[in-house]
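Structure data follow from work12.tsv (TSV, C-alpha atoms and all ligand atoms):
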chain	number	residue	atom	x	y	z
A	12	MET	CA	0.00	0.00	0.00
A	13	THR	CA	1.34	3.44	-0.85
A	14	LYS	CA	1.33	6.04	1.85
A	15	THR	CA	1.30	9.80	1.64
A	16	VAL	CA	3.80	11.55	3.85
A	17	THR	CA	3.73	15.27	4.57
A	18	ALA	CA	6.65	17.29	5.86
A	19	LYS	CA	6.92	20.90	6.92
A	20	ALA	CA	10.24	22.77	6.97
A	21	HIS	CA	11.06	26.39	7.72
A	22	THR	CA	13.42	28.59	5.85
A	23	ASN	CA	16.69	29.75	7.36
A	24	ILE	CA	18.85	32.83	6.98
A	25	ALA	CA	22.62	32.39	7.10
A	26	LEU	CA	24.61	34.52	9.55
A	27	VAL	CA	27.87	33.07	8.20
A	28	LYS	CA	27.16	32.35	4.56
A	29	TYR	CA	27.66	29.39	2.28
A	30	TRP	CA	28.87	30.85	-1.02
A	31	GLY	CA	30.76	28.36	-3.15
A	32	LYS	CA	30.99	24.62	-3.70
A	33	LYS	CA	34.03	22.40	-3.75
A	34	ASP	CA	32.02	19.50	-5.21
A	35	ALA	CA	28.92	20.37	-7.23
A	36	ASN	CA	27.76	16.76	-7.58
A	37	LEU	CA	27.90	15.94	-3.85
A	38	MET	CA	27.05	19.57	-2.97
A	39	LEU	CA	30.01	19.98	-0.65
A	40	PRO	CA	30.59	23.62	0.33
A	41	GLN	CA	33.90	25.45	0.41
A	42	ASN	CA	33.26	26.56	3.98
A	43	GLY	CA	30.92	25.78	6.86
A	44	SER	CA	27.99	28.09	7.60
A	45	ILE	CA	25.73	29.10	10.50
A	46	SER	CA	22.07	30.11	10.22
A	47	LEU	CA	18.93	30.96	12.12
A	48	THR	CA	15.75	29.07	11.17
A	49	LEU	CA	12.72	31.39	11.04
A	50	ASP	CA	9.15	30.70	12.11
A	51	HIS	CA	7.35	32.84	9.54
A	52	PHE	CA	8.29	31.24	6.23
A	53	TYR	CA	7.88	27.55	5.51
A	54	THR	CA	7.19	24.92	2.87
A	55	GLN	CA	4.77	22.03	3.24
A	56	THR	CA	5.24	19.06	0.93
A	57	SER	CA	3.35	15.78	0.47
A	58	VAL	CA	4.85	12.80	-1.34
A	59	SER	CA	3.52	9.39	-2.33
A	60	PHE	CA	5.26	6.92	-4.61
A	61	ASP	CA	2.03	5.94	-6.34
A	62	GLN	CA	2.39	6.84	-10.00
A	63	PRO	CA	1.87	4.08	-12.49
A	64	GLY	CA	3.29	6.43	-15.16
A	65	ALA	CA	6.91	6.87	-16.10
A	66	THR	CA	7.27	10.42	-14.80
A	67	ASP	CA	6.95	12.09	-11.43
A	68	GLN	CA	4.06	14.53	-11.12
A	69	ILE	CA	5.09	17.69	-9.27
A	70	TYR	CA	2.49	20.24	-8.17
A	71	PHE	CA	3.63	23.61	-6.91
A	72	ASP	CA	0.90	25.64	-5.18
A	73	ASP	CA	-1.66	23.34	-6.88
A	74	GLN	CA	-0.25	23.86	-10.40
A	75	LEU	CA	1.36	20.96	-12.27
A	76	MET	CA	4.98	21.92	-12.98
A	77	PRO	CA	6.23	21.40	-16.52
A	78	ALA	CA	8.86	18.63	-16.64
A	79	GLU	CA	11.76	20.94	-17.52
A	80	LYS	CA	11.09	23.12	-14.44
A	81	ALA	CA	10.73	20.06	-12.23
A	82	ASP	CA	14.11	18.70	-13.31
A	83	ARG	CA	15.96	19.43	-10.05
A	84	ILE	CA	13.15	17.84	-8.02
A	85	ILE	CA	13.03	14.75	-10.22
A	86	LYS	CA	16.82	14.31	-9.88
A	87	PHE	CA	16.36	14.53	-6.12
A	88	LEU	CA	13.61	11.88	-6.20
A	89	ASP	CA	16.02	9.69	-8.21
A	90	LEU	CA	18.46	9.90	-5.28
A	91	VAL	CA	15.70	8.82	-2.88
A	92	ARG	CA	14.79	5.94	-5.20
A	93	ALA	CA	18.44	4.88	-5.35
A	94	GLN	CA	18.73	4.94	-1.53
A	95	SER	CA	15.45	3.09	-0.91
A	96	GLY	CA	15.49	0.65	-3.81
A	97	LEU	CA	12.02	1.82	-4.82
A	98	THR	CA	11.30	2.20	-8.54
A	99	ALA	CA	7.81	3.80	-8.57
A	100	THR	CA	7.42	7.41	-9.59
A	101	ALA	CA	5.91	9.93	-7.21
A	102	THR	CA	3.19	12.50	-6.79
A	103	VAL	CA	4.64	15.56	-5.05
A	104	LYS	CA	2.44	18.43	-3.83
A	105	THR	CA	4.21	21.42	-2.41
A	106	TRP	CA	2.97	24.70	-0.97
A	107	ASN	CA	5.12	27.66	-0.03
A	108	HIS	CA	3.84	29.63	2.93
A	109	VAL	CA	5.40	32.97	2.26
A	110	PRO	CA	3.67	36.28	1.60
A	111	THR	CA	2.82	36.61	-2.09
A	112	SER	CA	5.86	37.50	-4.20
A	113	ALA	CA	8.00	37.98	-1.12
A	114	GLY	CA	11.01	36.58	-2.93
A	115	LEU	CA	11.84	34.68	0.23
A	116	ALA	CA	10.57	31.33	-1.05
A	117	SER	CA	13.81	29.60	-0.62
A	118	SER	CA	15.11	26.31	-1.84
A	119	ALA	CA	16.17	25.73	1.78
A	120	SER	CA	12.71	25.01	3.17
A	121	GLY	CA	11.67	23.38	-0.11
A	122	PHE	CA	14.35	20.70	-0.27
A	123	ALA	CA	14.31	20.11	3.50
A	124	ALA	CA	10.56	19.36	3.36
A	125	LEU	CA	11.03	17.23	0.23
A	126	ALA	CA	13.84	15.25	1.88
A	127	GLY	CA	11.63	14.50	4.89
A	128	ALA	CA	8.48	13.59	2.97
A	129	ALA	CA	10.11	11.68	0.08
A	130	SER	CA	12.47	9.62	2.23
A	131	ARG	CA	9.71	8.52	4.63
A	132	ALA	CA	7.24	7.86	1.78
A	133	SER	CA	9.86	5.64	0.12
A	134	GLY	CA	10.12	3.51	3.27
A	135	LEU	CA	13.40	4.98	4.52
A	136	ASN	CA	13.53	5.99	8.16
A	137	LEU	CA	16.46	8.40	8.29
A	138	ASP	CA	17.77	10.11	11.40
A	139	ASP	CA	18.21	13.89	11.42
A	140	ARG	CA	21.83	13.76	10.29
A	141	ALA	CA	21.01	11.52	7.35
A	142	LEU	CA	18.06	13.79	6.48
A	143	SER	CA	20.37	16.80	6.58
A	144	ARG	CA	22.81	15.06	4.22
A	145	LEU	CA	19.98	14.11	1.89
A	146	ALA	CA	18.51	17.65	1.87
A	147	ARG	CA	22.00	18.94	1.00
A	148	ARG	CA	21.86	17.09	-2.30
A	149	GLY	CA	18.83	19.20	-3.30
A	150	SER	CA	20.16	22.59	-2.23
A	151	GLY	CA	23.04	23.50	0.05
A	152	SER	CA	21.06	25.80	2.34
A	153	ALA	CA	18.44	23.02	2.82
A	154	THR	CA	21.06	21.09	4.82
A	155	ARG	CA	20.41	23.52	7.69
A	156	SER	CA	16.58	23.68	7.46
A	157	ILE	CA	16.20	20.20	8.97
A	158	PHE	CA	16.90	21.86	12.33
A	159	GLY	CA	15.37	24.73	14.29
A	160	GLY	CA	17.04	27.68	16.00
A	161	PHE	CA	20.74	28.33	15.39
A	162	VAL	CA	22.26	25.67	13.13
A	163	GLU	CA	25.76	24.94	11.84
A	164	TRP	CA	26.49	23.12	8.59
A	165	HIS	CA	29.88	21.43	8.81
A	166	ALA	CA	31.54	21.69	5.40
A	167	GLY	CA	33.03	18.18	5.62
A	168	HIS	CA	35.13	16.49	2.97
A	169	ASP	CA	32.75	13.83	1.64
A	170	ASP	CA	29.07	12.87	1.62
A	171	ALA	CA	29.15	11.43	5.15
A	172	SER	CA	30.94	14.36	6.81
A	173	SER	CA	28.95	17.27	5.31
A	174	TYR	CA	25.84	17.75	7.48
A	175	ALA	CA	24.19	20.25	9.80
A	176	GLU	CA	23.65	20.17	13.56
A	177	PRO	CA	21.69	22.37	15.94
A	178	LEU	CA	23.83	24.85	17.87
A	179	GLN	CA	21.02	26.21	20.03
A	180	ASP	CA	17.36	25.16	19.86
A	181	PRO	CA	15.13	26.48	21.24
A	182	VAL	CA	16.62	29.96	21.18
A	183	ASP	CA	16.09	31.18	24.74
A	184	TRP	CA	16.99	34.85	24.26
A	185	ASP	CA	15.67	37.84	22.39
A	186	ILE	CA	16.69	37.87	18.74
A	187	GLN	CA	14.54	38.27	15.64
A	188	MET	CA	14.68	39.36	12.03
A	189	ILE	CA	12.66	41.90	10.11
A	190	ALA	CA	12.48	40.94	6.43
A	191	VAL	CA	12.25	44.00	4.20
A	192	VAL	CA	10.52	42.62	1.11
A	193	LEU	CA	11.61	44.48	-2.02
A	194	LYS	CA	10.60	44.17	-5.63
A	195	ALA	CA	13.20	42.53	-7.83
A	196	THR	CA	14.17	45.01	-10.54
A	197	GLN	CA	16.71	42.99	-12.45
A	198	LYS	CA	16.89	39.51	-13.87
A	199	PRO	CA	18.31	37.46	-11.04
A	200	ILE	CA	21.35	35.25	-11.32
A	201	SER	CA	20.61	32.10	-9.33
A	202	SER	CA	22.61	31.37	-6.20
A	203	THR	CA	23.92	28.19	-7.87
A	204	ALA	CA	25.25	30.13	-10.89
A	205	GLY	CA	26.40	33.14	-8.87
A	206	MET	CA	28.52	31.17	-6.44
A	207	ALA	CA	30.02	29.04	-9.23
A	208	ARG	CA	31.12	32.18	-11.09
A	209	VAL	CA	32.63	33.63	-7.93
A	210	VAL	CA	34.64	30.49	-7.16
A	211	ALA	CA	35.90	30.37	-10.76
A	212	THR	CA	36.75	34.05	-11.24
A	213	SER	CA	37.04	36.14	-8.06
A	214	PRO	CA	40.68	36.75	-7.10
A	215	TYR	CA	39.43	37.32	-3.55
A	216	TYR	CA	37.92	33.86	-3.13
A	217	PRO	CA	40.76	32.38	-1.01
A	218	ALA	CA	40.44	35.33	1.40
A	219	TRP	CA	36.70	34.63	1.69
A	220	VAL	CA	37.33	31.05	2.76
A	221	THR	CA	39.90	32.15	5.34
A	222	THR	CA	37.70	34.85	6.87
A	223	ALA	CA	34.52	32.72	6.76
A	224	ASN	CA	36.32	30.06	8.81
A	225	GLN	CA	37.31	32.73	11.35
A	226	ASP	CA	33.71	34.00	11.40
A	227	LEU	CA	32.45	30.50	12.24
A	228	VAL	CA	34.57	30.37	15.40
A	229	ARG	CA	33.47	33.86	16.50
A	230	MET	CA	29.82	33.29	15.61
A	231	ARG	CA	29.65	30.05	17.62
A	232	GLN	CA	30.99	31.98	20.61
A	233	ALA	CA	28.56	34.90	20.11
A	234	ILE	CA	25.61	32.47	20.05
A	235	ALA	CA	26.86	30.60	23.14
A	236	ASP	CA	27.34	33.95	24.94
A	237	ARG	CA	23.95	35.25	23.69
A	238	ASP	CA	25.90	38.34	22.63
A	239	PHE	CA	23.55	40.17	20.26
A	240	ASN	CA	25.94	42.91	19.13
A	241	GLN	CA	28.79	40.55	18.46
A	242	LEU	CA	26.49	38.27	16.46
A	243	GLY	CA	25.11	41.19	14.44
A	244	GLN	CA	28.52	42.64	13.65
A	245	ILE	CA	29.93	39.31	12.46
A	246	ALA	CA	26.82	38.58	10.36
A	247	GLU	CA	26.80	41.99	8.68
A	248	THR	CA	30.49	41.91	7.81
A	249	ASN	CA	30.24	38.34	6.55
A	250	ALA	CA	27.28	39.23	4.32
A	251	MET	CA	29.03	42.23	2.78
A	252	ARG	CA	32.15	40.15	2.10
A	253	MET	CA	29.98	37.65	0.25
A	254	HIS	CA	28.50	40.43	-1.86
A	255	ALA	CA	31.98	41.87	-2.43
A	256	LEU	CA	32.88	38.55	-4.05
A	257	ASN	CA	30.06	39.08	-6.52
A	258	LEU	CA	31.32	42.57	-7.34
A	259	SER	CA	34.79	41.11	-7.90
A	260	ALA	CA	33.68	38.28	-10.22
A	261	GLU	CA	34.15	38.30	-13.97
A	262	PRO	CA	31.72	39.42	-15.23
A	263	ALA	CA	30.71	41.22	-12.04
A	264	PHE	CA	27.16	40.97	-10.75
A	265	ASN	CA	25.20	42.04	-7.71
A	266	TYR	CA	21.83	41.47	-6.07
A	267	PHE	CA	21.25	45.02	-4.84
A	268	ASN	CA	18.79	47.56	-6.11
A	269	ALA	CA	18.15	51.15	-5.02
A	270	ASP	CA	15.72	50.06	-2.30
A	271	THR	CA	18.31	47.61	-0.93
A	272	LEU	CA	20.72	50.49	-0.42
A	273	THR	CA	17.96	52.60	1.19
A	274	ALA	CA	17.24	49.82	3.68
A	275	ILE	CA	20.95	49.40	4.48
A	276	GLN	CA	21.30	53.15	5.00
A	277	THR	CA	18.29	53.16	7.32
A	278	VAL	CA	19.90	50.46	9.47
A	279	GLU	CA	23.15	52.42	9.59
A	280	ASN	CA	21.30	55.61	10.59
A	281	LEU	CA	19.36	53.77	13.30
A	282	ARG	CA	22.60	52.41	14.67
A	283	ALA	CA	24.15	55.88	14.70
A	284	ASP	CA	21.11	56.92	16.78
A	285	GLY	CA	21.86	54.19	19.32
A	286	ILE	CA	19.45	51.46	18.17
A	287	ASN	CA	21.22	48.13	17.87
A	288	CYS	CA	20.36	46.49	14.56
A	289	TYR	CA	22.31	44.86	11.74
A	290	TYR	CA	21.54	43.72	8.22
A	291	THR	CA	22.19	40.67	6.11
A	292	LEU	CA	21.39	39.93	2.45
A	293	ASP	CA	21.25	36.80	0.33
A	294	ALA	CA	20.91	36.12	-3.40
A	295	GLY	CA	18.24	38.77	-3.93
A	296	PRO	CA	17.41	42.40	-3.11
A	297	ASN	CA	15.59	41.75	0.21
A	298	VAL	CA	17.26	42.98	3.37
A	299	LYS	CA	16.91	41.07	6.64
A	300	ILE	CA	17.41	43.16	9.75
A	301	ILE	CA	18.69	41.37	12.84
A	302	CYS	CA	17.26	43.04	15.93
A	303	GLN	CA	15.71	42.60	19.38
A	304	SER	CA	12.01	42.87	20.17
A	305	HIS	CA	12.24	46.06	22.23
A	306	ASP	CA	13.55	47.89	19.13
A	307	THR	CA	11.07	46.49	16.59
A	308	THR	CA	8.68	49.43	16.72
A	309	ALA	CA	11.43	52.04	16.32
A	310	ILE	CA	13.00	50.13	13.42
A	311	LYS	CA	9.68	49.64	11.64
A	312	THR	CA	8.82	53.31	12.08
A	313	ALA	CA	12.12	54.37	10.50
A	314	LEU	CA	11.68	51.91	7.61
A	315	GLN	CA	8.13	53.14	6.98
A	316	ALA	CA	9.55	56.47	5.81
A	317	HIS	CA	10.55	54.50	2.68
A	318	PHE	CA	8.55	51.25	2.63
A	319	LYS	CA	4.96	50.16	3.17
A	320	ALA	CA	4.04	48.37	6.40
A	321	GLU	CA	3.20	45.20	4.46
A	322	GLN	CA	6.77	45.06	3.11
A	323	LEU	CA	8.06	44.57	6.66
A	324	ILE	CA	7.70	41.09	8.11
A	325	VAL	CA	8.90	40.27	11.62
A	326	ALA	CA	10.11	36.69	12.06
A	327	GLN	CA	11.18	34.85	15.21
A	328	PRO	CA	13.43	31.80	15.56
A	329	GLY	CA	11.58	28.80	14.15
A	330	PRO	CA	11.44	25.01	14.60
A	331	GLY	CA	13.02	22.10	12.73
A	332	MET	CA	11.43	19.94	10.04
A	333	THR	CA	8.44	17.80	11.06
A	334	ILE	CA	6.90	14.77	9.33
A	335	THR	CA	3.33	13.44	9.45
A	336	GLU	CA	2.09	10.26	7.76
A	337	ASN	CA	-1.44	9.59	6.57
A	338	ASN	CA	-2.28	6.38	4.80
B	1	LIG	C1	23.32	33.38	-0.17
B	1	LIG	O1	21.48	26.87	-1.12
B	1	LIG	O2	20.34	28.42	-2.76
B	1	LIG	O3	21.55	32.07	0.73
B	1	LIG	O4	23.22	24.90	-3.08
B	1	LIG	O5	23.22	25.93	-5.34
B	1	LIG	O6	21.04	25.37	-4.21
B	1	LIG	P1	22.50	25.78	-4.04
B	1	LIG	O7	22.47	27.25	-3.40
B	1	LIG	P2	21.61	27.84	-2.22
B	1	LIG	O8	22.55	29.05	-1.76
B	1	LIG	C2	22.29	29.84	-0.65
B	1	LIG	C3	23.23	30.96	-0.60
B	1	LIG	C4	22.92	32.03	0.42
B	1	LIG	C5	23.76	31.82	1.68
B	1	LIG	C6	23.34	30.72	2.60
B	1	LIG	O9	22.14	30.39	2.69
B	1	LIG	O10	24.23	30.18	3.30
Transcribe the structure of this file into structure tokens.
Amino acid sequence: MTKTVTAKAHTNIALVKYWGKKDANLMLPQNGSISLTLDHFYTQTSVSFDQPGATDQIYFDDQLMPAEKADRIIKFLDLVRAQSGLTATATVKTWNHVPTSAGLASSASGFAALAGAASRASGLNLDDRALSRLARRGSGSATRSIFGGFVEWHAGHDDASSYAEPLQDPVDWDIQMIAVVLKATQKPISSTAGMARVVATSPYYPAWVTTANQDLVRMRQAIADRDFNQLGQIAETNAMRMHALNLSAEPAFNYFNADTLTAIQTVENLRADGINCYYTLDAGPNVKIICQSHDTTAIKTALQAHFKAEQLIVAQPGPGMTITENN
């Protein structure tokens, strides 16, 4: 009898970034990374290996995905079939719970939820570390979304040694993020393509790996000490170094638009006025502001001089991936 398994995974934002692979097939990163899983944004995915047909059927927000767009998901299901020995094709239904066009729908929550649902539906019963390794094969950042709270992905040197672990979950102190949701104004370069170009062409790449490894040590300590300012400073510097790699690639590229710079400037002005907040950015124009709850109102008020209230989403630390089975 085929069973349908549903998994829910939350997205995560890296505080020390993953930006470059040393093995694209195994999805091994050049450096380890540390993230915070968020409660507000998540993906829910149901899988059953029940298709008599030759192809997997993938539905995204209730729409059947054309085969060429579903390619990465089908390759991932092939890995699950290889691990489980199953040959049937699957029905996959996935829903992204993010505000419409937020641009925060990340492959992190998507492949973490798919790893959980597909592995269990195939009959595999993987522990969290094995799930993290499996999710990694779909998208690097998904490695971390198996876990809640603060999470570290150990770079490793082979399939078995590259996995994530919780550093602190639940998070028992006051830290949150305000996502400033901005309209994309340029054709995006995917994170996969962007980081590959950077590794191949940026003369600064070796310095990135060295400093990212130093950031990991300092970030672990900041989290253990619950030191908000230290954490924010390391995260902000690390993010800007990642974006500096993009500016130093050949050809150069960047993810910023004018609104991105306005949001960054607002954070810097707030800080000059004595409000502790820091920013981080990923492979898109949105800015995530790391802050504490007693400053949320002041930060939102300052941002609302430039952005609408609905562009500002406050997210708290979120939980790890969960699986439910229904026959
Ligand atoms: C900037 O995980 O999306 O968000 O492994 O190629 O799927 P692939 O890339 P992806 O890259 C995420 C990059 C980042 C930083 C991070 O999450 O660590």
Checklist entry - At what distance in Å, to one decimal, does atom CA of A:Asp169 lie from atom CA of A:Asp226? => result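 Distance between the two atoms: 22.4 Å.
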Item to check | Nearest-residue call for ligand LIG 1 (chain B), choices A:Gln327, A:Gln303, A:Asn23, A:Gln68, using all atoms listed in the file | outcome: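 Distance minimum relative to ligand LIG 1 (chain B) lands on A:Asn23.
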Checklist entry - If you count only C-alpha atoms and all ligand atoms, which residues end up within 8 Å of ligand LIG 1 (chain B), as a PyMOL selection string? => result chain A and resi 23-30+32+38+44-46+117-119+147-153+201-204+206+253+292-294
Could the residues in this selection be written to a file with C-alpha atoms, as a PDB file, in the coordinates of the input?
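Output below, filename result37.pdb:
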ATOM      1  CA  ASN A  23      16.690  29.750   7.360  1.00  0.00           C
ATOM      2  CA  ILE A  24      18.850  32.830   6.980  1.00  0.00           C
ATOM      3  CA  ALA A  25      22.620  32.390   7.100  1.00  0.00           C
ATOM      4  CA  LEU A  26      24.610  34.520   9.550  1.00  0.00           C
ATOM      5  CA  VAL A  27      27.870  33.070   8.200  1.00  0.00           C
ATOM      6  CA  LYS A  28      27.160  32.350   4.560  1.00  0.00           C
ATOM      7  CA  TYR A  29      27.660  29.390   2.280  1.00  0.00           C
ATOM      8  CA  TRP A  30      28.870  30.850  -1.020  1.00  0.00           C
ATOM      9  CA  LYS A  32      30.990  24.620  -3.700  1.00  0.00           C
ATOM     10  CA  MET A  38      27.050  19.570  -2.970  1.00  0.00           C
ATOM     11  CA  SER A  44      27.990  28.090   7.600  1.00  0.00           C
ATOM     12  CA  ILE A  45      25.730  29.100  10.500  1.00  0.00           C
ATOM     13  CA  SER A  46      22.070  30.110  10.220  1.00  0.00           C
ATOM     14  CA  SER A 117      13.810  29.600  -0.620  1.00  0.00           C
ATOM     15  CA  SER A 118      15.110  26.310  -1.840  1.00  0.00           C
ATOM     16  CA  ALA A 119      16.170  25.730   1.780  1.00  0.00           C
ATOM     17  CA  ARG A 147      22.000  18.940   1.000  1.00  0.00           C
ATOM     18  CA  ARG A 148      21.860  17.090  -2.300  1.00  0.00           C
ATOM     19  CA  GLY A 149      18.830  19.200  -3.300  1.00  0.00           C
ATOM     20  CA  SER A 150      20.160  22.590  -2.230  1.00  0.00           C
ATOM     21  CA  GLY A 151      23.040  23.500   0.050  1.00  0.00           C
ATOM     22  CA  SER A 152      21.060  25.800   2.340  1.00  0.00           C
ATOM     23  CA  ALA A 153      18.440  23.020   2.820  1.00  0.00           C
ATOM     24  CA  SER A 201      20.610  32.100  -9.330  1.00  0.00           C
ATOM     25  CA  SER A 202      22.610  31.370  -6.200  1.00  0.00           C
ATOM     26  CA  THR A 203      23.920  28.190  -7.870  1.00  0.00           C
ATOM     27  CA  ALA A 204      25.250  30.130 -10.890  1.00  0.00           C
ATOM     28  CA  MET A 206      28.520  31.170  -6.440  1.00  0.00           C
ATOM     29  CA  MET A 253      29.980  37.650   0.250  1.00  0.00           C
ATOM     30  CA  LEU A 292      21.390  39.930   2.450  1.00  0.00           C
ATOM     31  CA  ASP A 293      21.250  36.800   0.330  1.00  0.00           C
ATOM     32  CA  ALA A 294      20.910  36.120  -3.400  1.00  0.00           C
TER      33      ALA A 294
END
Item to check | Shortest interatomic distance to A:His108 - which of A:Leu258, A:Ala313, A:Ala20, A:Val209, counting only C-alpha atoms | outcome: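 Answer, going by the shortest atom-to-atom distance: A:Ala20.
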Checklist entry - Leaving out A:Ala255 and any residue of its chain fewer than 4 positions from it, which residues lie within 12 Å of it when counting all atoms listed in the file, given as a PyMOL selection string? => result chain A and resi 30+206+209+213-216+218-219+248-251+259-260+263-267+292
Item to check | Spatial neighbours of A:Val325, max dist 7 Å, all atoms listed in the file, sep filter under 6 positions, as a PyMOL selection string | outcome: chain A and resi 188-190
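For the choices A:Asp183, A:Asp270, A:Asp306, A:Asp82, the atom-to-atom distance to A:Ala235 is smallest for A:Asp183 when using only C-alpha atoms.
For the atom pair formed by atom CA of A:Thr54 and atom CA of A:Ile334, the distance is 12.0 Å, given to one decimal.
In this comparison, which uses only C-alpha atoms, the residue of A:Val16, A:Ala101, A:Val162, A:Ile245 approaching A:Ala132 most closely is A:Val16.
Counting all atoms listed in the file and comparing A:Asn224, A:Ile275, A:Glu163, A:Asn337, the residue that lies closest to A:Ser59 is A:Asn337.
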Next on the checklist: Tell me which residues come within 12 Å of (32.2, 21.1, 8.0), as a PyMOL selection string, counting all atoms listed in the file in the file's coordinates.
Outcome noted: chain A and resi 29+33+39-45+144+154+163-176+223-224+227
Next on the checklist: Which residues are near A:Ile310? Cut-off 10 Å, all atoms listed in the file, ignore same chain within fewer than 5 positions. Put them as a ChimeraX atom specification.
Outcome noted: /A:189,277-278,281-282,286-288,300,302-305,315
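Among the candidates A:Ile301, A:Leu49, A:Ala129, A:Ala195, the one nearest to A:Pro181 when counting only C-alpha atoms is A:Leu49.
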Output as AutoDock Vina command-line options the centre and edge lengths (Å, one decimal) of the box along x, y and z of the file that holds every listed atom of stretch 228-241 of chain A after adding 6 Å on each side.
--center_x 29.1 --center_y 36.5 --center_z 20.2 --size_x 23.0 --size_y 24.9 --size_z 21.5
Next on the checklist: List as a PyMOL selection string the protein and nucleic acid residues near A:Ser130, meaning an atom at most 12 Å away when only C-alpha atoms are counted, but skip any in the same chain fewer than 4 places from it.
Outcome noted: chain A and resi 14-18+56-60+87-97+101+122-126+134-139+141-146+334+336
Please fill the gaps in stretch 302-315 of chain A so it has N, CA, C and O atoms, and write that as a PDB file, in the frame of the given file.
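Resulting contents of selection_18.pdb:
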ATOM      1  N   CYS A 302      17.537  42.073  14.863  1.00  0.00           N
ATOM      2  CA  CYS A 302      17.260  43.040  15.930  1.00  0.00           C
ATOM      3  C   CYS A 302      16.664  42.341  17.147  1.00  0.00           C
ATOM      4  O   CYS A 302      16.527  41.116  17.149  1.00  0.00           O
ATOM      5  N   GLN A 303      16.333  43.131  18.159  1.00  0.00           N
ATOM      6  CA  GLN A 303      15.710  42.600  19.380  1.00  0.00           C
ATOM      7  C   GLN A 303      14.325  43.213  19.518  1.00  0.00           C
ATOM      8  O   GLN A 303      14.075  44.330  19.042  1.00  0.00           O
ATOM      9  N   SER A 304      13.424  42.496  20.214  1.00  0.00           N
ATOM     10  CA  SER A 304      12.010  42.870  20.170  1.00  0.00           C
ATOM     11  C   SER A 304      11.729  44.270  20.716  1.00  0.00           C
ATOM     12  O   SER A 304      10.843  44.959  20.214  1.00  0.00           O
ATOM     13  N   HIS A 305      12.532  44.724  21.681  1.00  0.00           N
ATOM     14  CA  HIS A 305      12.240  46.060  22.230  1.00  0.00           C
ATOM     15  C   HIS A 305      12.556  47.176  21.230  1.00  0.00           C
ATOM     16  O   HIS A 305      12.168  48.323  21.453  1.00  0.00           O
ATOM     17  N   ASP A 306      13.254  46.871  20.150  1.00  0.00           N
ATOM     18  CA  ASP A 306      13.550  47.890  19.130  1.00  0.00           C
ATOM     19  C   ASP A 306      12.680  47.765  17.881  1.00  0.00           C
ATOM     20  O   ASP A 306      12.798  48.584  16.964  1.00  0.00           O
ATOM     21  N   THR A 307      11.830  46.748  17.822  1.00  0.00           N
ATOM     22  CA  THR A 307      11.070  46.490  16.590  1.00  0.00           C
ATOM     23  C   THR A 307      10.257  47.699  16.147  1.00  0.00           C
ATOM     24  O   THR A 307      10.271  48.073  14.968  1.00  0.00           O
ATOM     25  N   THR A 308       9.556  48.317  17.082  1.00  0.00           N
ATOM     26  CA  THR A 308       8.680  49.430  16.720  1.00  0.00           C
ATOM     27  C   THR A 308       9.494  50.593  16.141  1.00  0.00           C
ATOM     28  O   THR A 308       9.143  51.155  15.099  1.00  0.00           O
ATOM     29  N   ALA A 309      10.604  50.920  16.794  1.00  0.00           N
ATOM     30  CA  ALA A 309      11.430  52.040  16.320  1.00  0.00           C
ATOM     31  C   ALA A 309      11.997  51.733  14.930  1.00  0.00           C
ATOM     32  O   ALA A 309      12.025  52.610  14.051  1.00  0.00           O
ATOM     33  N   ILE A 310      12.407  50.502  14.713  1.00  0.00           N
ATOM     34  CA  ILE A 310      13.000  50.130  13.420  1.00  0.00           C
ATOM     35  C   ILE A 310      11.922  50.170  12.330  1.00  0.00           C
ATOM     36  O   ILE A 310      12.141  50.714  11.238  1.00  0.00           O
ATOM     37  N   LYS A 311      10.764  49.625  12.634  1.00  0.00           N
ATOM     38  CA  LYS A 311       9.680  49.640  11.640  1.00  0.00           C
ATOM     39  C   LYS A 311       9.252  51.073  11.308  1.00  0.00           C
ATOM     40  O   LYS A 311       8.996  51.395  10.146  1.00  0.00           O
ATOM     41  N   THR A 312       9.203  51.909  12.312  1.00  0.00           N
ATOM     42  CA  THR A 312       8.820  53.310  12.080  1.00  0.00           C
ATOM     43  C   THR A 312       9.818  53.980  11.135  1.00  0.00           C
ATOM     44  O   THR A 312       9.434  54.659  10.179  1.00  0.00           O
ATOM     45  N   ALA A 313      11.106  53.759  11.374  1.00  0.00           N
ATOM     46  CA  ALA A 313      12.120  54.370  10.500  1.00  0.00           C
ATOM     47  C   ALA A 313      12.011  53.816   9.078  1.00  0.00           C
ATOM     48  O   ALA A 313      12.107  54.568   8.089  1.00  0.00           O
ATOM     49  N   LEU A 314      11.780  52.517   8.956  1.00  0.00           N
ATOM     50  CA  LEU A 314      11.680  51.910   7.610  1.00  0.00           C
ATOM     51  C   LEU A 314      10.441  52.419   6.871  1.00  0.00           C
ATOM     52  O   LEU A 314      10.443  52.546   5.641  1.00  0.00           O
ATOM     53  N   GLN A 315       9.385  52.723   7.633  1.00  0.00           N
ATOM     54  CA  GLN A 315       8.130  53.140   6.980  1.00  0.00           C
ATOM     55  C   GLN A 315       8.213  54.529   6.362  1.00  0.00           C
ATOM     56  O   GLN A 315       7.304  54.952   5.657  1.00  0.00           O
TER      57      GLN A 315
END
